[in-house]
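Below is one structure; the comments refer to it alone.
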Amino acid sequence: MKKYWKTILIGLVIIITIGAFYIQAAMANDTELSFRIETISGNEEEIENITLSAAYKNGDIHRWLDISKDGTTDTMNQPFIETLINPNTYGTSMFQKFIKEHRSFMRGKQLNPGSYFEDEERLIYTNIPDDGRKVIQGSPLTFKIDILDKKTNERSSFEVNMPAQASYSWMNMDDIYAKDGKIKMFVSSSLINGGEEIHIYTIDENKKEFENDLIMAKTEPEDGTMSSMRRFNDSDILQAENYYLYIVEKYKDQMDVDAYGESELISRQMYLYNSITDQVEEWTVPDELKPHIGLMVIHENDIFISVPSDTGLELNRYNIEKEQWENPLNFSFTNSVSDEDHPFFELKNGKLYMVNRVSDGHLIFISDLRTGKSLYEGKIIGENNENLGPDFELYINHLYRNF
């Protein structure tokens, strides 16, 4: 009996876990949540393929929802087997498409947008060695590249490796760029001894070997400080982009400040990478726009910084190729219920998508990014209010275009 106690214990844990899952699912079914988008004005075709990823909160109840014109999907209430296979499937319409059309190629791959590149002819996948776990300096850093020809359905793969230049506690694949026989991988890395790095690894696809390791940005370890790195490109874009924008910030360690205070910013640098010239340069923001950096995005050849105003949103635009700030665009919409509520917005396909919380719900606006012309206005409506609760909150986290 002693010989099998570990096996029995593991079996009991599995049974309890599965039982708990189904109990939770059954309870979730008793409180079904439903929202829909109701058109106020404009062309309804603008929301035909749009899904909003939202976090619902009511007291101690937290749920993840996908909201579209067709209704609501509770992404936490999925079949058990599907949850095991794809535990992180919130808003992954692109992956649903890939799995449906290229099931064999997608088998066993992580559903991380940063690991994929797609154009009209190919779908390319690569991932961090050992899923980003610890890498020791001098040990082989190996990447496997999987390529699918979408027209012939033929697959090919190869591996490239080089000695790791430092020791990393973790690594994360941010993006892949493929063009003219070169595959570039944007990788964020955390050093074991502290500090962070952003690497751009270039692979020669024809020679099937590493060509270059460019450190785009780096923070050195320093006592009493912590650092953060952020990329401003849209993670849903799987095609090649001309420009990539990163920000590196250093703060006083949170342990050195009041528990309820904010960490003190020590330094901030922004780096703009030109994928055509393979050059990196520092980029600066005018002082009056620095408080709004958190609302900054890069879209095609422009960098946008939004500034909420009394009447709506002012969208400041910097043209990278002209190296100048253009006249800002102004979008009018109903103000939020409080100054602390910033509108959610994303730029996709030459359009501004914006969701703003008002006293009786959420309004959604779609406008032409170049002209500022309104294309659509709607409202997110709760359908079964008895289940929603009187004090529920809904936070929009992301907007997806269904493929």
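Every chain in the structure tokens takes a letter, A first, then B, and so on in the order presented; its residues are numbered from 1, and the ligands are numbered from 1 following the presented order.
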Taking the DSSP secondary structure from the backbone, can you list the residues of region 234-380 of chain A that are strand (DSSP E or B), as a PyMOL selection string? chain A and resi 243-252+265-274+279-283+296-299+302-308+312-319+324-332+344-348+351-358+361-368+374-380
Hey, can you spit out that residue selection with C-alpha atoms as a PDB file, in the first residue's frame?
ATOM      1  CA  TYR A 243       8.317  50.693 -36.585  1.00  0.00           C
ATOM      2  CA  TYR A 244       8.332  49.348 -33.037  1.00  0.00           C
ATOM      3  CA  LEU A 245       8.134  51.539 -29.949  1.00  0.00           C
ATOM      4  CA  TYR A 246       9.333  50.540 -26.471  1.00  0.00           C
ATOM      5  CA  ILE A 247       9.496  52.408 -23.183  1.00  0.00           C
ATOM      6  CA  VAL A 248      11.909  51.598 -20.341  1.00  0.00           C
ATOM      7  CA  GLU A 249      11.192  53.068 -16.922  1.00  0.00           C
ATOM      8  CA  LYS A 250      13.100  52.839 -13.643  1.00  0.00           C
ATOM      9  CA  TYR A 251      11.459  53.389 -10.256  1.00  0.00           C
ATOM     10  CA  LYS A 252      12.388  53.351  -6.624  1.00  0.00           C
ATOM     11  CA  LEU A 265       9.922  57.514 -11.246  1.00  0.00           C
ATOM     12  CA  ILE A 266      13.697  57.792 -11.576  1.00  0.00           C
ATOM     13  CA  SER A 267      14.173  57.707 -15.335  1.00  0.00           C
ATOM     14  CA  ARG A 268      12.291  57.062 -18.563  1.00  0.00           C
ATOM     15  CA  GLN A 269      13.610  56.333 -22.048  1.00  0.00           C
ATOM     16  CA  MET A 270      11.707  55.504 -25.220  1.00  0.00           C
ATOM     17  CA  TYR A 271      13.245  53.580 -28.089  1.00  0.00           C
ATOM     18  CA  LEU A 272      11.999  53.561 -31.674  1.00  0.00           C
ATOM     19  CA  TYR A 273      13.173  50.706 -33.887  1.00  0.00           C
ATOM     20  CA  ASN A 274      13.089  50.988 -37.681  1.00  0.00           C
ATOM     21  CA  GLN A 279      18.350  51.110 -36.542  1.00  0.00           C
ATOM     22  CA  VAL A 280      17.320  52.078 -33.002  1.00  0.00           C
ATOM     23  CA  GLU A 281      17.015  55.659 -31.806  1.00  0.00           C
ATOM     24  CA  GLU A 282      15.775  57.314 -28.653  1.00  0.00           C
ATOM     25  CA  TRP A 283      12.494  59.159 -28.971  1.00  0.00           C
ATOM     26  CA  MET A 296       0.100  56.176 -26.182  1.00  0.00           C
ATOM     27  CA  VAL A 297      -0.090  53.782 -29.155  1.00  0.00           C
ATOM     28  CA  ILE A 298       1.827  53.300 -32.387  1.00  0.00           C
ATOM     29  CA  HIS A 299      -0.221  52.685 -35.516  1.00  0.00           C
ATOM     30  CA  ASP A 302       2.298  57.386 -36.605  1.00  0.00           C
ATOM     31  CA  ILE A 303       2.524  57.592 -32.821  1.00  0.00           C
ATOM     32  CA  PHE A 304      -0.689  58.712 -31.125  1.00  0.00           C
ATOM     33  CA  ILE A 305      -1.113  60.148 -27.629  1.00  0.00           C
ATOM     34  CA  SER A 306      -4.661  60.782 -26.470  1.00  0.00           C
ATOM     35  CA  VAL A 307      -5.621  63.536 -24.042  1.00  0.00           C
ATOM     36  CA  PRO A 308      -9.146  63.450 -22.555  1.00  0.00           C
ATOM     37  CA  GLY A 312     -14.204  64.251 -25.703  1.00  0.00           C
ATOM     38  CA  LEU A 313     -10.735  63.157 -26.770  1.00  0.00           C
ATOM     39  CA  GLU A 314      -7.835  65.009 -28.357  1.00  0.00           C
ATOM     40  CA  LEU A 315      -5.633  62.664 -30.378  1.00  0.00           C
ATOM     41  CA  ASN A 316      -2.096  64.019 -30.842  1.00  0.00           C
ATOM     42  CA  ARG A 317      -0.211  62.488 -33.763  1.00  0.00           C
ATOM     43  CA  TYR A 318       3.521  62.272 -34.469  1.00  0.00           C
ATOM     44  CA  ASN A 319       4.462  61.217 -38.001  1.00  0.00           C
ATOM     45  CA  GLN A 324       7.071  66.023 -36.837  1.00  0.00           C
ATOM     46  CA  TRP A 325       3.855  66.454 -34.856  1.00  0.00           C
ATOM     47  CA  GLU A 326       0.741  66.895 -36.980  1.00  0.00           C
ATOM     48  CA  ASN A 327      -2.372  68.861 -36.046  1.00  0.00           C
ATOM     49  CA  PRO A 328      -4.305  66.906 -33.393  1.00  0.00           C
ATOM     50  CA  LEU A 329      -7.637  65.261 -34.156  1.00  0.00           C
ATOM     51  CA  ASN A 330     -10.584  65.958 -31.854  1.00  0.00           C
ATOM     52  CA  PHE A 331     -13.371  63.470 -31.182  1.00  0.00           C
ATOM     53  CA  SER A 332     -16.531  64.485 -29.346  1.00  0.00           C
ATOM     54  CA  PHE A 344     -10.839  52.662 -23.478  1.00  0.00           C
ATOM     55  CA  PHE A 345      -9.616  53.074 -27.035  1.00  0.00           C
ATOM     56  CA  GLU A 346      -7.746  51.146 -29.694  1.00  0.00           C
ATOM     57  CA  LEU A 347      -6.591  52.000 -33.196  1.00  0.00           C
ATOM     58  CA  LYS A 348      -7.134  49.333 -35.819  1.00  0.00           C
ATOM     59  CA  LYS A 351     -10.179  53.552 -37.285  1.00  0.00           C
ATOM     60  CA  LEU A 352     -10.517  54.716 -33.694  1.00  0.00           C
ATOM     61  CA  TYR A 353     -12.547  52.365 -31.493  1.00  0.00           C
ATOM     62  CA  MET A 354     -13.522  53.885 -28.159  1.00  0.00           C
ATOM     63  CA  VAL A 355     -15.630  52.737 -25.207  1.00  0.00           C
ATOM     64  CA  ASN A 356     -16.596  55.244 -22.529  1.00  0.00           C
ATOM     65  CA  ARG A 357     -18.379  54.543 -19.235  1.00  0.00           C
ATOM     66  CA  VAL A 358     -21.390  56.752 -18.555  1.00  0.00           C
ATOM     67  CA  GLY A 361     -23.776  51.947 -19.057  1.00  0.00           C
ATOM     68  CA  HIS A 362     -21.060  52.105 -21.712  1.00  0.00           C
ATOM     69  CA  LEU A 363     -21.067  53.904 -25.040  1.00  0.00           C
ATOM     70  CA  ILE A 364     -19.035  52.642 -28.003  1.00  0.00           C
ATOM     71  CA  PHE A 365     -17.780  54.983 -30.720  1.00  0.00           C
ATOM     72  CA  ILE A 366     -16.076  54.209 -34.034  1.00  0.00           C
ATOM     73  CA  SER A 367     -14.479  57.043 -36.022  1.00  0.00           C
ATOM     74  CA  ASP A 368     -12.271  57.436 -39.065  1.00  0.00           C
ATOM     75  CA  SER A 374     -18.001  59.463 -36.818  1.00  0.00           C
ATOM     76  CA  LEU A 375     -18.836  56.072 -38.350  1.00  0.00           C
ATOM     77  CA  TYR A 376     -20.839  54.407 -35.593  1.00  0.00           C
ATOM     78  CA  GLU A 377     -22.226  54.981 -32.097  1.00  0.00           C
ATOM     79  CA  GLY A 378     -23.777  52.328 -29.898  1.00  0.00           C
ATOM     80  CA  LYS A 379     -24.401  51.314 -26.317  1.00  0.00           C
ATOM     81  CA  ILE A 380     -23.561  48.190 -24.318  1.00  0.00           C
TER      82      ILE A 380
END
Could you tell me how far CA of Asn233 (chain A) lies from CA of Met106 (chain A), in Å and to one decimal? 24.2 Å
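Nearest to Ala166 (chain A) of all the residues A:Ala54, A:Ile136, A:Ile147, A:Ile200 is A:Ile136, counting only C-alpha atoms.
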Just list the residues in region 302-400 of chain A DSSP gives alpha helix (DSSP H) on the backbone, as a PyMOL selection string. chain A and resi 385-388
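Using only C-alpha atoms, the shortest contact distance between Pro343 (chain A) and any of A:Lys144, A:Pro291, A:Gly42, A:Asn397 is found at A:Asn397.
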Distance query Ser53 (chain A) at most 9 Å, only C-alpha atoms, self and fewer than 2 positions along chain excluded, as an MDAnalysis selection string: chainID A and resid 51 55 64:67 90:91 395:400
Would you list the contacts of Glu393 (chain A) as an NGL selection string, taking every protein, DNA or RNA residue within 9 Å and counting only C-alpha atoms, but skipping same-chain residues closer than 3 positions in sequence? :A and (55-58)
